[in-house]
Amino acid sequence: MTDVAHPLTELLCCPRCTRGKLALDSAGWSCATCGSGFPVVGAVPWLVREPPESLAEWRTRLGFLTRQLRDDAARIERELATVSEATPASDRTVQRLVRQSDACRDQAVRIEKFLQPLVLPGVLAPVQRGLGTAMPSEQGLTNYYVNLHRDWCWGDEENDASLTECRALLGNGPALGRTLILGAGAGRLAYDIHMQLEPSLTIVSDINPLLLFAAREMFAGHELQLYEFPIAPRAPADVALLRTLRAPQSARAGYHLIAADALDAPFASNAFDTVVTPWLIDVVGEPLPTFAARINQWLKPGGRWINTGSLAFNRAAFADRLSLDEALSVLVTAGFAPPELREATIAYMRSPASRHSRLETIVTWSASKRAQVDPPAPRRLPAWLTNSTMPVPRTASIEFESVSARVHAFLLALVNGERSVNDMARLIVEQRLLPADAAEAAVKRFLRRTFDASEQRDQY
Ligand SMILES: C[S@@+](CC[C@H](N)C(=O)[O-])C[C@H]1O[C@@H](n2cnc3c(N)ncnc32)[C@H](O)[C@@H]1O
């Protein structure tokens, strides 16, 4: 009997050593060159450079998220007590608050059940909360949460508009062949491309497990129920809506879901006929010239890069906030022929339950690879992070952070439910941390900021 190679084997390479071929066995994927192993989590291959760190990160984020949902429910219930006492006429407010707190609690349970392989054993300890998470906060579990509902519930108009833009550039060209959709999110454009433009194989890849697991369910033709919490609800009942997410039908065979970081990606050189980056290039966290060189590397000669979405580089360094003209010349430098281009102004996240939405003028290009360029060097972590036995350098900014953390810890420890601002100011003066005439105002400023911060919602 001959071994039939897995259809992904020749498309993948090790995200750790960046050279070895990956093979699948009963324990997951492993690299033939460096021996690194990569698990399959919730039926999705986890092909990131450091799987244990990545999984620990998402587990902690999930712990933060569900805790925040339960904290929100408790806070709403506290507010509810004051509303019902103060204004007996506000039945609608009471109903809205009850609906929202019930939804927050239920959502926490639903999210935990859905992301079961990523649930932290036990409760999130205060020390874990203090240490926080490592990935940028704009890549949390819920940063693109509305996309789920747009993709699989109410967003037909928007989803069709995105497909129309891609189809206009892809439709008359060669067949899509082996296609990689990078930063696919909850997966609707990937699904539509897979179903309607019929690539010979489709890889649907993202870094975010909530979106990837949802894509898994949708492609398989299953239903998923999660709440939508619109920013500006139209009616009181719209504060929390239990939505049923589903695809028009289960996807045909030939697609594969992969968890990967596009910046340390497990894709082999010259592997793909088509790479699609929907709404990714301005959030991926790398200057376009470097990212374009990565895309070049994964494409076969003559292969096409389809990019669609915004050019909102406003979080990048100023030099990297490219205009469309600059972006187009970057493509040519990165080995692509001058691209075919379309621009369209489309509705963005227009939930029927929300008064909030926006218009985006999106850019879609199709750029063919005409020359191979040097791939970017693999990203390097500092040696003291890769080698846990090395001393960690004490820089001036770490010194500064350390002093302010000690002062914060000292002040927070003074808050015991009994001391007043004056009591605390006196102790600070006794410790010679501040002169008497500055202490009271400083304590007030610190407490105000701390109480404000404790009320703010973070993204996990
Ligand atoms: C603006 S959303 C767009 C999602 C989807 N393409 C769509 O159009 O709805 C950006 C997506 O890129 C993903 N992403 C961001 N940085 C990434 C990275 N380094 N590697 C892989 N995916 C990334 C996010 O998780 C998110 O799903």
# chains A, B, ... in the order shown; residues from 1 in each chain; ligands from 1
>>> closest_atom_pairs(of="chain A", to="ligand 1", cutoff="10 Å", atoms="only C-alpha atoms and all ligand atoms", output="Markdown table")
| residue | atom | partner | partner_atom_place_in_ligand_line | distance |
| --- | --- | --- | --- | --- |
| A:Val48 | CA | ligand 1 | 20 (N) | 9.5 |
| A:Met135 | CA | ligand 1 | 19 (N) | 10.0 |
| A:Pro136 | CA | ligand 1 | 16 (N) | 9.5 |
| A:Glu138 | CA | ligand 1 | 15 (C) | 8.5 |
| A:Gln139 | CA | ligand 1 | 25 (O) | 6.1 |
| A:Gly140 | CA | ligand 1 | 25 (O) | 7.8 |
| A:Leu141 | CA | ligand 1 | 25 (O) | 7.9 |
| A:Thr142 | CA | ligand 1 | 25 (O) | 9.2 |
| A:Asn143 | CA | ligand 1 | 26 (C) | 8.0 |
| A:Tyr144 | CA | ligand 1 | 2 (S) | 5.9 |
| A:Tyr145 | CA | ligand 1 | 27 (O) | 9.0 |
| A:Val146 | CA | ligand 1 | 9 (O) | 8.9 |
| A:Asn147 | CA | ligand 1 | 9 (O) | 5.4 |
| A:Leu148 | CA | ligand 1 | 9 (O) | 7.9 |
| A:Arg150 | CA | ligand 1 | 9 (O) | 8.3 |
| A:Asp151 | CA | ligand 1 | 9 (O) | 7.1 |
| A:Asn159 | CA | ligand 1 | 9 (O) | 8.9 |
| A:Ser162 | CA | ligand 1 | 8 (O) | 8.3 |
| A:Ile181 | CA | ligand 1 | 6 (N) | 8.2 |
| A:Leu182 | CA | ligand 1 | 21 (C) | 6.4 |
| A:Gly183 | CA | ligand 1 | 12 (O) | 3.8 |
| A:Ala184 | CA | ligand 1 | 6 (N) | 4.1 |
| A:Gly185 | CA | ligand 1 | 27 (O) | 3.3 |
| A:Ala186 | CA | ligand 1 | 9 (O) | 6.4 |
| A:Gly187 | CA | ligand 1 | 5 (C) | 6.5 |
| A:Arg188 | CA | ligand 1 | 9 (O) | 7.1 |
| A:Leu189 | CA | ligand 1 | 8 (O) | 6.8 |
| A:Ala190 | CA | ligand 1 | 6 (N) | 8.2 |
| A:Val204 | CA | ligand 1 | 6 (N) | 9.9 |
| A:Ser205 | CA | ligand 1 | 21 (C) | 6.8 |
| A:Asp206 | CA | ligand 1 | 22 (N) | 4.1 |
| A:Ile207 | CA | ligand 1 | 21 (C) | 4.2 |
| A:Asn208 | CA | ligand 1 | 25 (O) | 4.6 |
| A:Pro209 | CA | ligand 1 | 25 (O) | 8.3 |
| A:Leu210 | CA | ligand 1 | 25 (O) | 9.0 |
| A:Leu211 | CA | ligand 1 | 27 (O) | 6.6 |
| A:Leu212 | CA | ligand 1 | 27 (O) | 8.3 |
| A:Ile258 | CA | ligand 1 | 21 (C) | 9.9 |
| A:Ala259 | CA | ligand 1 | 21 (C) | 7.7 |
| A:Ala260 | CA | ligand 1 | 21 (C) | 5.8 |
| A:Asp261 | CA | ligand 1 | 20 (N) | 3.6 |
| A:Ala262 | CA | ligand 1 | 20 (N) | 3.7 |
| A:Leu263 | CA | ligand 1 | 19 (N) | 5.3 |
| A:Asp264 | CA | ligand 1 | 19 (N) | 7.8 |
| A:Ala265 | CA | ligand 1 | 20 (N) | 7.8 |
| A:Val276 | CA | ligand 1 | 6 (N) | 9.1 |
| A:Thr277 | CA | ligand 1 | 6 (N) | 6.9 |
| A:Pro278 | CA | ligand 1 | 6 (N) | 4.2 |
| A:Trp279 | CA | ligand 1 | 3 (C) | 4.6 |
| A:Leu280 | CA | ligand 1 | 10 (C) | 4.9 |
| A:Ile281 | CA | ligand 1 | 12 (O) | 8.3 |
| A:Asp282 | CA | ligand 1 | 1 (C) | 8.3 |
| A:Val283 | CA | ligand 1 | 15 (C) | 5.7 |
| A:Val284 | CA | ligand 1 | 16 (N) | 4.1 |
| A:Gly285 | CA | ligand 1 | 16 (N) | 6.8 |
| A:Glu286 | CA | ligand 1 | 19 (N) | 8.5 |
| A:Thr308 | CA | ligand 1 | 8 (O) | 8.2 |
| A:Gly309 | CA | ligand 1 | 8 (O) | 7.3 |
| A:Ser310 | CA | ligand 1 | 1 (C) | 8.6 |
| A:Met349 | CA | ligand 1 | 9 (O) | 9.8 |
>>> select_by_dssp(residues="stretch 267-324 of chain A", states="strand (DSSP E or B)", output="PDB file with C-alpha atoms, in the first residue's frame")
ATOM      1  CA  PHE A 267       3.651  28.452   4.163  1.00  0.00           C
ATOM      2  CA  PHE A 272       0.197  29.168  -4.109  1.00  0.00           C
ATOM      3  CA  ASP A 273      -1.434  30.343  -7.317  1.00  0.00           C
ATOM      4  CA  THR A 274      -3.480  32.928  -5.429  1.00  0.00           C
ATOM      5  CA  VAL A 275      -3.059  34.699  -2.080  1.00  0.00           C
ATOM      6  CA  VAL A 276      -5.984  36.799  -0.803  1.00  0.00           C
ATOM      7  CA  THR A 277      -5.549  39.328   2.024  1.00  0.00           C
ATOM      8  CA  PRO A 278      -8.978  40.726   2.995  1.00  0.00           C
ATOM      9  CA  LEU A 299       3.265  32.767  -4.660  1.00  0.00           C
ATOM     10  CA  LYS A 300       4.323  30.758  -7.680  1.00  0.00           C
ATOM     11  CA  PRO A 301       5.792  32.802 -10.566  1.00  0.00           C
ATOM     12  CA  GLY A 302       2.803  34.451 -12.269  1.00  0.00           C
ATOM     13  CA  GLY A 303       0.617  33.827  -9.184  1.00  0.00           C
ATOM     14  CA  ARG A 304      -1.770  36.559  -8.111  1.00  0.00           C
ATOM     15  CA  TRP A 305      -2.064  38.568  -4.922  1.00  0.00           C
ATOM     16  CA  ILE A 306      -5.608  39.790  -4.364  1.00  0.00           C
ATOM     17  CA  ASN A 307      -5.821  42.422  -1.683  1.00  0.00           C
ATOM     18  CA  THR A 308      -9.105  43.995  -0.657  1.00  0.00           C
ATOM     19  CA  GLY A 309     -10.102  46.347   2.158  1.00  0.00           C
TER      20      GLY A 309
END
>>> residues_around(residues="A:Ala347", least_positions_apart="5", cutoff="8 Å", atoms="only C-alpha atoms", output="PyMOL selection string")
chain A and resi 158+357-360
>>> atom_distance(atom1="atom CA of A:Gln95", atom2="atom CA of A:Leu245")
25.3 Å
>>> residues_around(residues="A:Leu381", least_positions_apart="4", cutoff="12 Å", atoms="only C-alpha atoms", output="MDAnalysis selection string")
chainID A and resid 16 49:50 264 385:387
>>> write_last_selection(atoms="all heavy atoms", output="PDB file, in the first residue's frame")
ATOM      1  N   ARG A  16       8.887  27.479  12.701  1.00  0.00           N
ATOM      2  CA  ARG A  16       9.933  27.693  13.704  1.00  0.00           C
ATOM      3  C   ARG A  16      11.311  27.752  13.054  1.00  0.00           C
ATOM      4  O   ARG A  16      12.011  28.745  13.162  1.00  0.00           O
ATOM      5  CB  ARG A  16       9.866  26.573  14.733  1.00  0.00           C
ATOM      6  CG  ARG A  16      10.548  26.905  16.002  1.00  0.00           C
ATOM      7  CD  ARG A  16      10.378  25.776  16.986  1.00  0.00           C
ATOM      8  NE  ARG A  16      11.315  25.975  18.047  1.00  0.00           N
ATOM      9  CZ  ARG A  16      11.016  26.530  19.198  1.00  0.00           C
ATOM     10  NH1 ARG A  16       9.780  26.905  19.443  1.00  0.00           N
ATOM     11  NH2 ARG A  16      11.934  26.688  20.112  1.00  0.00           N
ATOM     12  N   ARG A  49       4.749  29.713  15.600  1.00  0.00           N
ATOM     13  CA  ARG A  49       6.140  29.428  15.951  1.00  0.00           C
ATOM     14  C   ARG A  49       6.273  28.807  17.346  1.00  0.00           C
ATOM     15  O   ARG A  49       7.052  27.877  17.558  1.00  0.00           O
ATOM     16  CB  ARG A  49       6.965  30.719  15.853  1.00  0.00           C
ATOM     17  CG  ARG A  49       8.445  30.453  15.969  1.00  0.00           C
ATOM     18  CD  ARG A  49       9.266  31.649  15.592  1.00  0.00           C
ATOM     19  NE  ARG A  49       8.980  32.789  16.432  1.00  0.00           N
ATOM     20  CZ  ARG A  49       9.542  33.979  16.290  1.00  0.00           C
ATOM     21  NH1 ARG A  49      10.416  34.180  15.320  1.00  0.00           N
ATOM     22  NH2 ARG A  49       9.258  34.963  17.090  1.00  0.00           N
ATOM     23  N   GLU A  50       5.522  29.337  18.322  1.00  0.00           N
ATOM     24  CA  GLU A  50       5.631  28.820  19.699  1.00  0.00           C
ATOM     25  C   GLU A  50       4.241  28.389  20.158  1.00  0.00           C
ATOM     26  O   GLU A  50       3.550  29.149  20.868  1.00  0.00           O
ATOM     27  CB  GLU A  50       6.151  29.916  20.652  1.00  0.00           C
ATOM     28  CG  GLU A  50       7.428  30.622  20.232  1.00  0.00           C
ATOM     29  CD  GLU A  50       8.664  29.766  20.446  1.00  0.00           C
ATOM     30  OE1 GLU A  50       8.537  28.713  21.118  1.00  0.00           O
ATOM     31  OE2 GLU A  50       9.730  30.131  19.942  1.00  0.00           O
ATOM     32  N   ASP A 264       4.861  34.987  10.915  1.00  0.00           N
ATOM     33  CA  ASP A 264       5.742  33.819  11.135  1.00  0.00           C
ATOM     34  C   ASP A 264       5.046  32.623  10.504  1.00  0.00           C
ATOM     35  O   ASP A 264       4.840  31.595  11.147  1.00  0.00           O
ATOM     36  CB  ASP A 264       5.888  33.521  12.640  1.00  0.00           C
ATOM     37  CG  ASP A 264       6.775  34.528  13.326  1.00  0.00           C
ATOM     38  OD1 ASP A 264       7.871  34.782  12.810  1.00  0.00           O
ATOM     39  OD2 ASP A 264       6.354  35.043  14.369  1.00  0.00           O
ATOM     40  N   LEU A 385      14.698  36.137  25.580  1.00  0.00           N
ATOM     41  CA  LEU A 385      13.350  35.544  25.551  1.00  0.00           C
ATOM     42  C   LEU A 385      13.388  34.123  25.017  1.00  0.00           C
ATOM     43  O   LEU A 385      12.605  33.270  25.433  1.00  0.00           O
ATOM     44  CB  LEU A 385      12.421  36.391  24.659  1.00  0.00           C
ATOM     45  CG  LEU A 385      11.595  37.450  25.357  1.00  0.00           C
ATOM     46  CD1 LEU A 385      10.694  38.163  24.357  1.00  0.00           C
ATOM     47  CD2 LEU A 385      10.726  36.864  26.472  1.00  0.00           C
ATOM     48  N   THR A 386      14.291  33.863  24.080  1.00  0.00           N
ATOM     49  CA  THR A 386      14.349  32.501  23.531  1.00  0.00           C
ATOM     50  C   THR A 386      15.160  31.584  24.442  1.00  0.00           C
ATOM     51  O   THR A 386      14.942  30.389  24.485  1.00  0.00           O
ATOM     52  CB  THR A 386      14.971  32.498  22.119  1.00  0.00           C
ATOM     53  OG1 THR A 386      16.159  33.269  22.147  1.00  0.00           O
ATOM     54  CG2 THR A 386      14.024  33.065  21.082  1.00  0.00           C
ATOM     55  N   ASN A 387      16.111  32.157  25.189  1.00  0.00           N
ATOM     56  CA  ASN A 387      16.920  31.348  26.104  1.00  0.00           C
ATOM     57  C   ASN A 387      16.584  31.780  27.537  1.00  0.00           C
ATOM     58  O   ASN A 387      17.054  32.811  28.020  1.00  0.00           O
ATOM     59  CB  ASN A 387      18.409  31.590  25.784  1.00  0.00           C
ATOM     60  CG  ASN A 387      19.306  30.873  26.762  1.00  0.00           C
ATOM     61  OD1 ASN A 387      18.844  30.312  27.756  1.00  0.00           O
ATOM     62  ND2 ASN A 387      20.598  30.885  26.475  1.00  0.00           N
TER      63      ASN A 387
END
>>> atom_distance(atom1="atom CA of A:Asn296", atom2="atom CA of A:Asn270")
8.3 Å
>>> residues_around(residues="A:Arg321", least_positions_apart="2", cutoff="12 Å", atoms="only C-alpha atoms", output="PyMOL selection string")
chain A and resi 281-283+285-289+311-319+323-327
>>> write_last_selection(atoms="N, CA and C atoms", output="PDB file, in the first residue's frame")
ATOM      1  N   ILE A 281      -3.799  44.106   5.395  1.00  0.00           N
ATOM      2  CA  ILE A 281      -2.466  44.728   5.297  1.00  0.00           C
ATOM      3  C   ILE A 281      -2.280  45.909   6.235  1.00  0.00           C
ATOM      4  N   ASP A 282      -3.386  46.550   6.647  1.00  0.00           N
ATOM      5  CA  ASP A 282      -3.221  47.711   7.532  1.00  0.00           C
ATOM      6  C   ASP A 282      -3.383  47.354   9.011  1.00  0.00           C
ATOM      7  N   VAL A 283      -3.630  46.076   9.311  1.00  0.00           N
ATOM      8  CA  VAL A 283      -3.698  45.699  10.732  1.00  0.00           C
ATOM      9  C   VAL A 283      -2.653  44.639  11.101  1.00  0.00           C
ATOM     10  N   GLY A 285       0.458  44.667  11.327  1.00  0.00           N
ATOM     11  CA  GLY A 285       1.520  45.082  12.250  1.00  0.00           C
ATOM     12  C   GLY A 285       2.906  45.019  11.639  1.00  0.00           C
ATOM     13  N   GLU A 286       2.997  45.154  10.323  1.00  0.00           N
ATOM     14  CA  GLU A 286       4.304  45.140   9.668  1.00  0.00           C
ATOM     15  C   GLU A 286       4.226  46.096   8.472  1.00  0.00           C
ATOM     16  N   PRO A 287       5.307  46.846   8.189  1.00  0.00           N
ATOM     17  CA  PRO A 287       5.268  47.757   7.039  1.00  0.00           C
ATOM     18  C   PRO A 287       4.973  46.997   5.747  1.00  0.00           C
ATOM     19  N   LEU A 288       4.244  47.651   4.848  1.00  0.00           N
ATOM     20  CA  LEU A 288       3.815  46.980   3.619  1.00  0.00           C
ATOM     21  C   LEU A 288       4.984  46.431   2.784  1.00  0.00           C
ATOM     22  N   PRO A 289       6.122  47.150   2.656  1.00  0.00           N
ATOM     23  CA  PRO A 289       7.192  46.575   1.832  1.00  0.00           C
ATOM     24  C   PRO A 289       7.628  45.192   2.325  1.00  0.00           C
ATOM     25  N   LEU A 311      -7.160  51.039   3.572  1.00  0.00           N
ATOM     26  CA  LEU A 311      -5.735  51.399   3.685  1.00  0.00           C
ATOM     27  C   LEU A 311      -5.631  52.348   4.882  1.00  0.00           C
ATOM     28  N   ALA A 312      -5.972  51.858   6.056  1.00  0.00           N
ATOM     29  CA  ALA A 312      -5.984  52.699   7.266  1.00  0.00           C
ATOM     30  C   ALA A 312      -4.744  52.373   8.091  1.00  0.00           C
ATOM     31  N   PHE A 313      -3.627  52.930   7.636  1.00  0.00           N
ATOM     32  CA  PHE A 313      -2.355  52.590   8.288  1.00  0.00           C
ATOM     33  C   PHE A 313      -2.093  53.501   9.486  1.00  0.00           C
ATOM     34  N   ASN A 314      -3.146  53.999  10.127  1.00  0.00           N
ATOM     35  CA  ASN A 314      -2.945  55.067  11.108  1.00  0.00           C
ATOM     36  C   ASN A 314      -2.251  54.631  12.392  1.00  0.00           C
ATOM     37  N   ARG A 315      -2.065  53.322  12.609  1.00  0.00           N
ATOM     38  CA  ARG A 315      -1.338  52.889  13.814  1.00  0.00           C
ATOM     39  C   ARG A 315       0.142  52.639  13.525  1.00  0.00           C
ATOM     40  N   ALA A 316       0.520  52.753  12.246  1.00  0.00           N
ATOM     41  CA  ALA A 316       1.913  52.458  11.881  1.00  0.00           C
ATOM     42  C   ALA A 316       2.799  53.670  12.155  1.00  0.00           C
ATOM     43  N   ALA A 317       4.112  53.454  12.048  1.00  0.00           N
ATOM     44  CA  ALA A 317       5.035  54.592  12.099  1.00  0.00           C
ATOM     45  C   ALA A 317       4.638  55.567  10.995  1.00  0.00           C
ATOM     46  N   PHE A 318       4.908  56.856  11.184  1.00  0.00           N
ATOM     47  CA  PHE A 318       4.424  57.843  10.216  1.00  0.00           C
ATOM     48  C   PHE A 318       4.912  57.527   8.799  1.00  0.00           C
ATOM     49  N   ALA A 319       6.157  57.088   8.671  1.00  0.00           N
ATOM     50  CA  ALA A 319       6.706  56.817   7.332  1.00  0.00           C
ATOM     51  C   ALA A 319       5.976  55.662   6.655  1.00  0.00           C
ATOM     52  N   SER A 323      -0.045  56.189   1.232  1.00  0.00           N
ATOM     53  CA  SER A 323      -1.178  56.513   0.362  1.00  0.00           C
ATOM     54  C   SER A 323      -1.312  55.375  -0.652  1.00  0.00           C
ATOM     55  N   LEU A 324      -2.406  55.379  -1.405  1.00  0.00           N
ATOM     56  CA  LEU A 324      -2.582  54.337  -2.413  1.00  0.00           C
ATOM     57  C   LEU A 324      -1.434  54.363  -3.421  1.00  0.00           C
ATOM     58  N   ASP A 325      -1.036  55.556  -3.893  1.00  0.00           N
ATOM     59  CA  ASP A 325       0.046  55.631  -4.877  1.00  0.00           C
ATOM     60  C   ASP A 325       1.334  55.016  -4.338  1.00  0.00           C
ATOM     61  N   GLU A 326       1.639  55.344  -3.073  1.00  0.00           N
ATOM     62  CA  GLU A 326       2.861  54.771  -2.483  1.00  0.00           C
ATOM     63  C   GLU A 326       2.739  53.249  -2.380  1.00  0.00           C
ATOM     64  N   ALA A 327       1.545  52.783  -1.979  1.00  0.00           N
ATOM     65  CA  ALA A 327       1.350  51.332  -1.834  1.00  0.00           C
ATOM     66  C   ALA A 327       1.573  50.642  -3.185  1.00  0.00           C
TER      67      ALA A 327
END
>>> atom_distance(atom1="atom CA of A:Ala214", atom2="atom CA of A:Arg234")
26.2 Å
>>> residues_around(residues="stretch 444-446 of chain A", least_positions_apart="3", cutoff="12 Å", atoms="only C-alpha atoms", output="list in words")
Ser404, Val407, His408, Ala409, Phe410, Leu411, Leu412, Val415, Ser420, Val421, Asn422, Asp423, Met424, Ala425, Ala438, Ala439, Glu440, Ala441, Arg449, Thr450, Phe451, Asp452 and Ala453 of chain A
>>> residues_around(residues="A:Val239", least_positions_apart="3", cutoff="10 Å", atoms="only C-alpha atoms", output="list in words")
Arg96, Leu97, Arg99, Gln100, Ala103, Tyr227, Glu228, Phe229, Pro230, Ile231, Ala232, Pro233, Arg234, Ala235, Pro236, Ala353 and Ser354 of chain A
>>> select_by_dssp(residues="stretch 83-195 of chain A", states="alpha helix (DSSP H)", output="ChimeraX atom specification")
/A:83-86,91-114,126-131,145-149,156-170,188-192
>>> closest_residue(among="A:Leu8, A:Ala220, A:Leu170, A:Ile362", to="A:Thr345", atoms="only C-alpha atoms")
A:Ile362
